[in-house]
Each structure stands twice: as structure tokens, then as C-alpha cells.
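J.: Have a look at this one.
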Amino acid sequence: MPAGRFAPSPTSDLHLGNLRTALLAWLFARDAGLGFLLRVEDLDQQRVSAAPHVARRQLADLSALGIDWDGEVVRQSERLEIYRDAAAGLDTYECFCTRREIAEASRAPHGSYRPYPGTCAHLTEAQRAERRATRVPAIRVRSGGASATITDLHAGTLTGAVDDFVLFRADGTPAYNLAVVVDDGLQGVTQVCRGADLLDSSPRQAWLADRLGFTVPRYVHVGLAVNTAGKRLAKRDGAVSLAALAELGADAGDVVAELCASAGLPRVRSAGEVLDRVRGTPWWQSEAIWRPWVVDPARPPR
Ligand code: GLU
């Protein structure tokens with residue numbers, strides 16, 4: 001069944017920005033008559049003992065908002081073989097560069113994604129053997145200077161360069177860009193709704209999806225939640241999770257109402273109620289969905 005999805009990483013409780021993205025992803029999928037899948041992106045946390053507990057809380061929080069999903073929750077940490085098999089046919093090479101070396105070799109401004117300058121792309125076997133003696137390599141895909149074009153509901157058509165991005169990190173962990181593409185492809189995800197911070201990754205992911213024989217999904221990148229300083233919302237910004245807000249007297253219904261209001265949608269108290277109210281209307285034309293949403297923890301929802 002064609003589906004949308006939400007794919008949280010179990011680092012900490014979902015904050016208002018994550019919850020808003022989840023609500024919108026659910027709404028986009030259900031309004032389009034699609035399935036909705038939940039995937040725990042725990043590759044970075046596979047050895048963190050609290051991760052399963054955090055993931056359980058995240059799922060419970062989504063349920064509390066009235067968000068439902070189809071089938072079993074998929075956990076990336078249980079699918080390592082699948083990513084290895086999927087990548088087996090790709091043209092790849094070993095990369096011995098440190099982050100610092102890449103930063104020094106690229107001209108990207110600090111903090112933004114640095115396209116890989118290709119330093120290790122054409123090492124000889126002897127050079128590789130020499131480097132292997134001191135460093136464990138990451139594995140990069142050889143993109144051949146490709147570019148890819150995606151379609152986003154709000155951003156429209158976006159073309160981006162595809163660099164030789166990492167598929168497996170030096171510790172053997174599949175990289176986010178590989179895992180997300182393989183999972184979306186194998187799970188039949190046709191609609192990817194997520195935060196606008198990932199828009200720039202989409203051409204790279206679309207290119208890989210195409211290489212692996214998957215249909216490229218349609219993208220919907222929604223506005224991020226930011227703090228009053230305009231920085232991406234984070235746990236340290238205060239009472240921004242359901243648990244923290246409950247302590248201040250706001251229940252899940254209050255939070256849904258606030259999330260709806262933030263997106264210019266009817267101020268109702270559960271995901272199902274929003275869907276009932278907006279179904280069949282062009283609700284996604286609300287500008288507020290696409291703008292950054294400023295969260296002021298000093299003024300919690302009630
Ligand atoms: N796991 C990613 C995150 O929590 C989301 C990835 C995606 O939606 O493609 O930011």
C-alpha cells in the first residue's frame with residue numbers, strides 16, 4: 001500500500017517541532033488516502049541502552065495526539081543486513097578523510113553540508129593499503145558528479161548536485177542517507193513529509209533511490225519549529241515535550257490544538273478531529289505550515 005511515514009530518531013522525547021511534523025505527515029498521508037508507517041531511526045543509538053525506552057515513549061506520545069499507523073514499527077538497528085545487501089551493487093570506494101580534512105578541502109560555510117571534494121576517489125591500491133594501516137575507511141558512493149531533481153509540494157522543483165556521499169561510516173554503521181532511502185523504497189513509501197532542514201538532502205536521496213531501482217517519493221518539507229532566538233527548537237529550550245508540558249498542566253489535547261493553530265488549521269484536540277475538519281479542502285495552502293514556527297516555552301499551550 002502506498003504510504004507516508006514518520007521516522008524519529010530515539011535520542012530524546014519528541015519536542016513540539018517533532019510532534020508538529022508528525023501530525024502534518026499523518027495528515028498529509030491520511031488525507032491522500034495513504035497508509036502511514038512508523039520507523040525508528042536508531043542506527044546512531046543502536047548501542048545506547050535507553051534507546052528502546054525513548055522510542056516507546058515517542059510512540060506513546062504520537063498515540064496520545066491521535067496519530068495511528070499501519071503494521072509493525074520498523075527499527076533500523078534490526079535491518080543492518082538489508083542495507084548491506086541493498087548497497088552491494090553500487091559503485092563505491094573507501095574514504096580515509098577525517099571531518100577536518102574534508103572541511104579544509106571544501107569551501108562550504110561553517111555548519112552547512114560540505115560536499116565531498118573527491119580526495120579519495122582515485123587512490124591506487126597501494127595508496128589504499130598504506131592508509132588502511134592507520135585508519136579504518138568509510139565507504140562512499142561514486143556519483144560521477146551527478147545531479148538530481150525532486151518535486152516538493154511547497155518548494156516545487158529542486159535540482160541539487162549529488163556528491164560522493166557516505167554510505168557506511170568507518171565503524172560499519174549504514175549512514176542515514178542509505179538507510180532512509182532503502183527503507184522508504186522497501187516499505188513502499190510514496191510520500192515523504194518531514195522538516196524543511198532535510199530539503200537539501202532530498203536530491204541526493206532521490207538519486208540513490210533511482211540507482212537502487214526504487215520509485216522516488218513525492219516530498220513535503222514543512223516549516224521547522226524554532227526558539228525565540230530563531231534557532232532550531234531543542235530539548236534544552238525548556239518545557240517542549242508532552243511530559244514536560246503535562247507538568248505545567250497542558251494535556252495532549254491542548255498540545256494538538258496548539259500545533260493545529262501553529263499551522264493555520266482548525267484548533268481541535270486530536271489528529272482525527274483535524275482530519276475530519278480539513279478533509280477535501282485545500283488545507284495545505286495555509287502559509288503557516290511552511291514557515292518556521294516560533295515556540296516560546298515561557299508561554300506553554302493550555
Ligand atoms: N530520523 C530523522 C530525524 O529524526 C528523519 C529522517 C527523515 O524523515 O527522512 O531527523
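We label chains A, B, ... in the order they appear in the C-alpha cells, count residues from 1 in each chain, and number ligands from 1 in the order shown.
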Counting only C-alpha atoms and all ligand atoms, what residues are within 9 Å of ligand 1, given as a PyMOL selection string?
T.: chain A and resi 5-11+18+39-42+176-177+180-181+184+192-195+197-198+201-202
J.: If we count only C-alpha atoms, what is near Arg128 (chain A) at a cut-off of 10 Å, once residues fewer than 3 positions away on the same chain are taken out, given as a list in words?
T.: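 Near Arg128 (chain A), the qualifying residues are Tyr93, Glu94, Cys95, Phe96, Cys120, His122, Leu123, Thr124, Glu125, Arg131, Arg132, Ala133, Arg135 and Pro137 of chain A.
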J.: Please save all heavy atoms of the selected residues as a compact mmCIF listing (two decimals), in the first residue's frame.
T.:
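Output file selection_30.txt follows:
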```
# COMPACT_ATOMS: atom_id res chain seq x y z
N TYR A 93 33.75 3.48 -3.01
CA TYR A 93 35.19 3.47 -2.71
C TYR A 93 35.44 3.81 -1.25
O TYR A 93 34.57 4.39 -0.58
CB TYR A 93 35.96 4.41 -3.65
CG TYR A 93 35.60 5.88 -3.58
CD1 TYR A 93 36.24 6.72 -2.67
CD2 TYR A 93 34.66 6.43 -4.44
CE1 TYR A 93 35.94 8.08 -2.62
CE2 TYR A 93 34.35 7.78 -4.39
CZ TYR A 93 35.00 8.60 -3.49
OH TYR A 93 34.70 9.94 -3.43
N GLU A 94 36.62 3.42 -0.80
CA GLU A 94 37.00 3.68 0.58
C GLU A 94 37.48 5.12 0.72
O GLU A 94 38.22 5.61 -0.12
CB GLU A 94 38.13 2.74 1.00
CG GLU A 94 37.72 1.29 1.08
CD GLU A 94 38.93 0.39 1.23
OE1 GLU A 94 39.92 0.61 0.51
OE2 GLU A 94 38.88 -0.54 2.05
N CYS A 95 37.04 5.75 1.82
CA CYS A 95 37.44 7.14 2.07
C CYS A 95 38.13 7.21 3.43
O CYS A 95 37.56 6.78 4.43
CB CYS A 95 36.22 8.04 2.05
SG CYS A 95 36.58 9.71 2.62
N PHE A 96 39.32 7.75 3.42
CA PHE A 96 40.12 7.80 4.65
C PHE A 96 40.16 9.20 5.26
O PHE A 96 40.88 9.45 6.22
CB PHE A 96 41.56 7.33 4.34
CG PHE A 96 41.61 5.93 3.81
CD1 PHE A 96 41.48 5.68 2.45
CD2 PHE A 96 41.74 4.85 4.67
CE1 PHE A 96 41.50 4.37 1.96
CE2 PHE A 96 41.77 3.55 4.19
CZ PHE A 96 41.64 3.31 2.82
N CYS A 120 39.59 10.93 -2.00
CA CYS A 120 39.97 9.51 -2.04
C CYS A 120 39.40 8.77 -3.25
O CYS A 120 39.50 7.54 -3.33
CB CYS A 120 39.50 8.81 -0.76
SG CYS A 120 40.34 9.41 0.72
N HIS A 122 40.22 8.46 -6.30
CA HIS A 122 41.07 7.78 -7.29
C HIS A 122 42.39 7.31 -6.70
O HIS A 122 43.43 7.38 -7.35
CB HIS A 122 41.31 8.71 -8.48
CG HIS A 122 40.02 9.14 -9.13
ND1 HIS A 122 39.24 8.28 -9.87
CD2 HIS A 122 39.35 10.31 -9.10
CE1 HIS A 122 38.15 8.91 -10.27
NE2 HIS A 122 38.19 10.14 -9.81
N LEU A 123 42.35 6.83 -5.47
CA LEU A 123 43.58 6.30 -4.86
C LEU A 123 43.96 5.00 -5.56
O LEU A 123 43.09 4.23 -5.99
CB LEU A 123 43.34 6.02 -3.37
CG LEU A 123 43.01 7.23 -2.48
CD1 LEU A 123 42.83 6.77 -1.04
CD2 LEU A 123 44.11 8.29 -2.56
N THR A 124 45.24 4.73 -5.62
CA THR A 124 45.69 3.45 -6.16
C THR A 124 45.56 2.40 -5.06
O THR A 124 45.42 2.73 -3.88
CB THR A 124 47.18 3.51 -6.58
OG1 THR A 124 47.94 3.78 -5.39
CG2 THR A 124 47.42 4.61 -7.61
N GLU A 125 45.65 1.14 -5.46
CA GLU A 125 45.55 0.05 -4.49
C GLU A 125 46.66 0.21 -3.43
O GLU A 125 46.43 0.01 -2.24
CB GLU A 125 45.63 -1.30 -5.20
CG GLU A 125 45.55 -2.52 -4.29
CD GLU A 125 44.38 -2.49 -3.28
OE1 GLU A 125 43.27 -2.07 -3.66
OE2 GLU A 125 44.59 -2.85 -2.10
N ARG A 131 47.03 3.56 3.64
CA ARG A 131 46.13 4.28 4.54
C ARG A 131 45.38 3.34 5.49
O ARG A 131 45.10 3.68 6.63
CB ARG A 131 45.14 5.12 3.73
CG ARG A 131 45.79 6.36 3.15
CD ARG A 131 44.89 6.98 2.10
NE ARG A 131 45.39 8.23 1.57
CZ ARG A 131 46.46 8.35 0.77
NH1 ARG A 131 47.15 7.28 0.42
NH2 ARG A 131 46.82 9.53 0.33
N ARG A 132 45.04 2.16 4.96
CA ARG A 132 44.32 1.19 5.80
C ARG A 132 45.12 0.80 7.04
O ARG A 132 44.55 0.39 8.05
CB ARG A 132 44.02 -0.09 4.99
CG ARG A 132 42.68 -0.07 4.32
CD ARG A 132 42.40 -1.43 3.71
NE ARG A 132 41.88 -1.28 2.36
CZ ARG A 132 42.42 -1.79 1.26
NH1 ARG A 132 43.50 -2.53 1.33
NH2 ARG A 132 41.87 -1.56 0.09
N ALA A 133 46.44 0.92 6.94
CA ALA A 133 47.28 0.54 8.07
C ALA A 133 47.07 1.46 9.27
O ALA A 133 47.28 1.08 10.41
CB ALA A 133 48.74 0.56 7.64
N ARG A 135 44.13 3.86 9.37
CA ARG A 135 42.74 4.32 9.53
C ARG A 135 41.76 3.32 8.96
O ARG A 135 42.04 2.68 7.96
CB ARG A 135 42.53 5.62 8.75
CG ARG A 135 42.82 6.85 9.55
CD ARG A 135 42.42 8.07 8.79
NE ARG A 135 43.26 9.19 9.19
CZ ARG A 135 43.32 10.33 8.55
NH1 ARG A 135 42.60 10.51 7.46
NH2 ARG A 135 44.09 11.30 8.98
N PRO A 137 38.47 2.91 6.90
CA PRO A 137 37.79 3.80 5.96
C PRO A 137 36.27 3.82 6.10
O PRO A 137 35.66 2.85 6.54
CB PRO A 137 38.16 3.21 4.59
CG PRO A 137 38.35 1.75 4.86
CD PRO A 137 38.88 1.64 6.26
```
J.: Neighbours of Thr92 (chain A) within 8 Å (only C-alpha atoms; same-chain residues fewer than 3 positions away dropped), as a ChimeraX atom specification?
T.: /A:139-142
J.: Could you tell me, as a ChimeraX atom specification, which residues of region 72-279 of chain A DSSP assigns to alpha helix (DSSP H) when given the backbone?
T.: /A:80-87,99-105,125-132,176-186,202-211,242-247,252-262,271-278
J.: Which polymer residues have any atom within 10 Å of an atom of Ala271 (chain A), counting only C-alpha atoms, with same-chain residues fewer than 4 positions away left out, as a list of chain:residue names?
T.: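 Near neighbours after the sequence-gap exclusion: A:Leu23, A:Leu24, A:Trp26, A:Leu27, A:Leu62, A:Ser63, A:Ala64, A:Leu65, A:Gly66, A:Ile67, A:Asp68, A:Gly253, A:Val256, A:Ala257, A:Cys260, A:Leu275, A:Asp276.
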J.: Output N, CA, C and O atoms for every residue in that selection, as a short mmCIF file (atom, residue, chain, number, x, y, z; two decimals), in the first residue's frame.
T.:
```cif
data_model
loop_
_atom_site.label_atom_id
_atom_site.label_comp_id
_atom_site.auth_asym_id
_atom_site.auth_seq_id
_atom_site.Cartn_x
_atom_site.Cartn_y
_atom_site.Cartn_z
N LEU A 23 2.36 15.22 13.13
CA LEU A 23 0.94 15.47 12.91
C LEU A 23 0.68 15.83 11.44
O LEU A 23 -0.26 15.32 10.81
N LEU A 24 1.53 16.69 10.89
CA LEU A 24 1.35 17.09 9.49
C LEU A 24 1.61 15.91 8.54
O LEU A 24 0.89 15.72 7.56
N TRP A 26 1.16 12.78 9.17
CA TRP A 26 -0.02 11.90 9.29
C TRP A 26 -1.19 12.48 8.49
O TRP A 26 -1.88 11.77 7.76
N LEU A 27 -1.37 13.79 8.62
CA LEU A 27 -2.50 14.45 7.96
C LEU A 27 -2.34 14.40 6.43
O LEU A 27 -3.29 14.10 5.71
N LEU A 62 2.94 9.93 20.25
CA LEU A 62 2.22 10.06 18.98
C LEU A 62 0.79 9.55 19.13
O LEU A 62 -0.17 10.18 18.67
N SER A 63 0.64 8.40 19.81
CA SER A 63 -0.70 7.85 20.05
C SER A 63 -1.55 8.84 20.84
O SER A 63 -2.74 9.00 20.57
N ALA A 64 -0.93 9.51 21.81
CA ALA A 64 -1.68 10.45 22.65
C ALA A 64 -2.24 11.60 21.82
O ALA A 64 -3.28 12.17 22.15
N LEU A 65 -1.57 11.93 20.71
CA LEU A 65 -2.09 13.00 19.84
C LEU A 65 -3.20 12.50 18.92
O LEU A 65 -3.83 13.28 18.23
N GLY A 66 -3.37 11.15 18.87
CA GLY A 66 -4.39 10.59 17.99
C GLY A 66 -3.80 10.12 16.67
O GLY A 66 -4.54 9.80 15.72
N ILE A 67 -2.48 10.05 16.60
CA ILE A 67 -1.81 9.58 15.38
C ILE A 67 -1.77 8.05 15.41
O ILE A 67 -1.32 7.47 16.41
N ASP A 68 -2.24 7.42 14.35
CA ASP A 68 -2.16 5.95 14.29
C ASP A 68 -1.28 5.56 13.12
O ASP A 68 -0.96 6.38 12.27
N GLY A 253 -4.43 17.02 24.30
CA GLY A 253 -5.42 17.76 23.51
C GLY A 253 -5.03 19.23 23.37
O GLY A 253 -5.15 19.83 22.30
N VAL A 256 -2.26 19.35 20.80
CA VAL A 256 -2.74 19.23 19.41
C VAL A 256 -3.35 20.56 18.96
O VAL A 256 -3.07 21.04 17.86
N ALA A 257 -4.14 21.17 19.85
CA ALA A 257 -4.78 22.45 19.49
C ALA A 257 -3.73 23.49 19.14
O ALA A 257 -3.87 24.24 18.16
N CYS A 260 -2.11 22.63 15.79
CA CYS A 260 -3.03 22.98 14.69
C CYS A 260 -2.98 24.48 14.44
O CYS A 260 -2.85 24.94 13.30
N LEU A 275 -8.35 15.88 10.83
CA LEU A 275 -8.59 15.25 9.52
C LEU A 275 -10.06 15.42 9.13
O LEU A 275 -10.36 15.80 7.99
N ASP A 276 -10.97 15.16 10.06
CA ASP A 276 -12.40 15.31 9.76
C ASP A 276 -12.72 16.73 9.31
O ASP A 276 -13.53 16.94 8.41
#
```
J.: Taking into account only C-alpha atoms, which residue in the set A:Phe36, A:Ala229, A:Pro301, A:Leu153 is nearest to Trp284 (chain A)?
T.: A:Leu153
J.: Which value, in Å to one decimal, gives the distance between CA of Val48 (chain A) and CA of Val189 (chain A)?
T.: 27.7 Å
J.: Excluding Val294 (chain A) and its own-chain neighbours fewer than 3 positions away, which residues fall within 6 Å of it when counting only C-alpha atoms? Please give them as a ChimeraX atom specification.
T.: /A:225-227
J.: Just the number, please: distance in Å from CA of Thr119 (chain A) to CA of Thr98 (chain A), one decimal.
T.: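 Computing it gives 10.9 Å between the two atoms.
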J.: With distances taken over only C-alpha atoms, which of A:Trp207, A:Tyr83, A:Trp293, A:Tyr116 is nearest to Leu233 (chain A)?
T.: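 Checking each of A:Trp207, A:Tyr83, A:Trp293, A:Tyr116 against Leu233 (chain A), counting only C-alpha atoms, the winner is A:Trp293.
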J.: Listing only residues of region 117-149 of chain A within 8 Å of region 160-163 of chain A, what is the closest atom pair and its distance in Å (to one decimal) for each, using only C-alpha atoms, sorted by chain and residue number ascending, as a Markdown table?
T.:
```
| residue | atom | partner | partner_atom | distance |
| --- | --- | --- | --- | --- |
| A:Pro117 | CA | A:Asp163 | CA | 7.9 |
| A:Arg142 | CA | A:Asp163 | CA | 7.9 |
| A:Ser143 | CA | A:Asp163 | CA | 6.1 |
| A:Gly144 | CA | A:Asp163 | CA | 7.9 |
| A:Gly145 | CA | A:Asp163 | CA | 6.3 |
| A:Ala146 | CA | A:Val162 | CA | 5.3 |
| A:Ser147 | CA | A:Ala161 | CA | 4.2 |
| A:Ala148 | CA | A:Gly160 | CA | 5.6 |
| A:Thr149 | CA | A:Gly160 | CA | 6.4 |
```
J.: Please, which residues in region 25-130 of chain A fall within 10 Å of region 212-222 of chain A when counting only C-alpha atoms, and what is the closest atom pair and distance in Å to one decimal for each, ordered by chain then residue number, as a tab-separated table?
T.:
```
residue	atom	partner	partner_atom	distance
A:Ala25	CA	A:Val220	CA	8.3
A:Phe28	CA	A:Val220	CA	8.6
A:Ala86	CA	A:Leu212	CA	7.3
A:Ala87	CA	A:Leu212	CA	7.9
A:Gly89	CA	A:Leu212	CA	8.4
A:Leu90	CA	A:Leu212	CA	8.1
```
J.: Residues of the last selection are to be written out with all heavy atoms, as a PDB file, in the first residue's frame.
T.:
```
ATOM      1  N   ALA A  25       2.632  15.098   8.849  1.00  0.00           N
ATOM      2  CA  ALA A  25       2.930  13.937   7.994  1.00  0.00           C
ATOM      3  C   ALA A  25       1.727  12.987   7.988  1.00  0.00           C
ATOM      4  O   ALA A  25       1.334  12.451   6.946  1.00  0.00           O
ATOM      5  CB  ALA A  25       4.186  13.220   8.490  1.00  0.00           C
ATOM      6  N   PHE A  28      -1.125  14.681   5.954  1.00  0.00           N
ATOM      7  CA  PHE A  28      -0.884  14.605   4.509  1.00  0.00           C
ATOM      8  C   PHE A  28      -1.151  13.194   3.994  1.00  0.00           C
ATOM      9  O   PHE A  28      -1.761  13.018   2.939  1.00  0.00           O
ATOM     10  CB  PHE A  28       0.558  15.030   4.172  1.00  0.00           C
ATOM     11  CG  PHE A  28       0.726  16.508   3.995  1.00  0.00           C
ATOM     12  CD1 PHE A  28       1.414  17.261   4.933  1.00  0.00           C
ATOM     13  CD2 PHE A  28       0.194  17.154   2.878  1.00  0.00           C
ATOM     14  CE1 PHE A  28       1.573  18.640   4.775  1.00  0.00           C
ATOM     15  CE2 PHE A  28       0.344  18.532   2.715  1.00  0.00           C
ATOM     16  CZ  PHE A  28       1.038  19.274   3.660  1.00  0.00           C
ATOM     17  N   ALA A  86      21.501  -4.079  -0.011  1.00  0.00           N
ATOM     18  CA  ALA A  86      20.993  -3.082  -0.964  1.00  0.00           C
ATOM     19  C   ALA A  86      22.133  -2.316  -1.617  1.00  0.00           C
ATOM     20  O   ALA A  86      22.072  -1.979  -2.802  1.00  0.00           O
ATOM     21  CB  ALA A  86      20.058  -2.109  -0.247  1.00  0.00           C
ATOM     22  N   ALA A  87      23.195  -2.074  -0.846  1.00  0.00           N
ATOM     23  CA  ALA A  87      24.298  -1.257  -1.360  1.00  0.00           C
ATOM     24  C   ALA A  87      25.300  -2.078  -2.170  1.00  0.00           C
ATOM     25  O   ALA A  87      26.194  -1.511  -2.810  1.00  0.00           O
ATOM     26  CB  ALA A  87      25.009  -0.559  -0.205  1.00  0.00           C
ATOM     27  N   GLY A  89      25.446  -3.579  -4.943  1.00  0.00           N
ATOM     28  CA  GLY A  89      25.651  -3.379  -6.382  1.00  0.00           C
ATOM     29  C   GLY A  89      26.132  -1.981  -6.756  1.00  0.00           C
ATOM     30  O   GLY A  89      26.322  -1.688  -7.941  1.00  0.00           O
ATOM     31  N   LEU A  90      26.335  -1.118  -5.777  1.00  0.00           N
ATOM     32  CA  LEU A  90      26.700   0.273  -6.093  1.00  0.00           C
ATOM     33  C   LEU A  90      28.207   0.407  -6.302  1.00  0.00           C
ATOM     34  O   LEU A  90      28.999  -0.353  -5.738  1.00  0.00           O
ATOM     35  CB  LEU A  90      26.274   1.186  -4.939  1.00  0.00           C
ATOM     36  CG  LEU A  90      24.766   1.308  -4.712  1.00  0.00           C
ATOM     37  CD1 LEU A  90      24.488   2.029  -3.395  1.00  0.00           C
ATOM     38  CD2 LEU A  90      24.099   2.049  -5.873  1.00  0.00           C
TER      39      LEU A  90
END
```
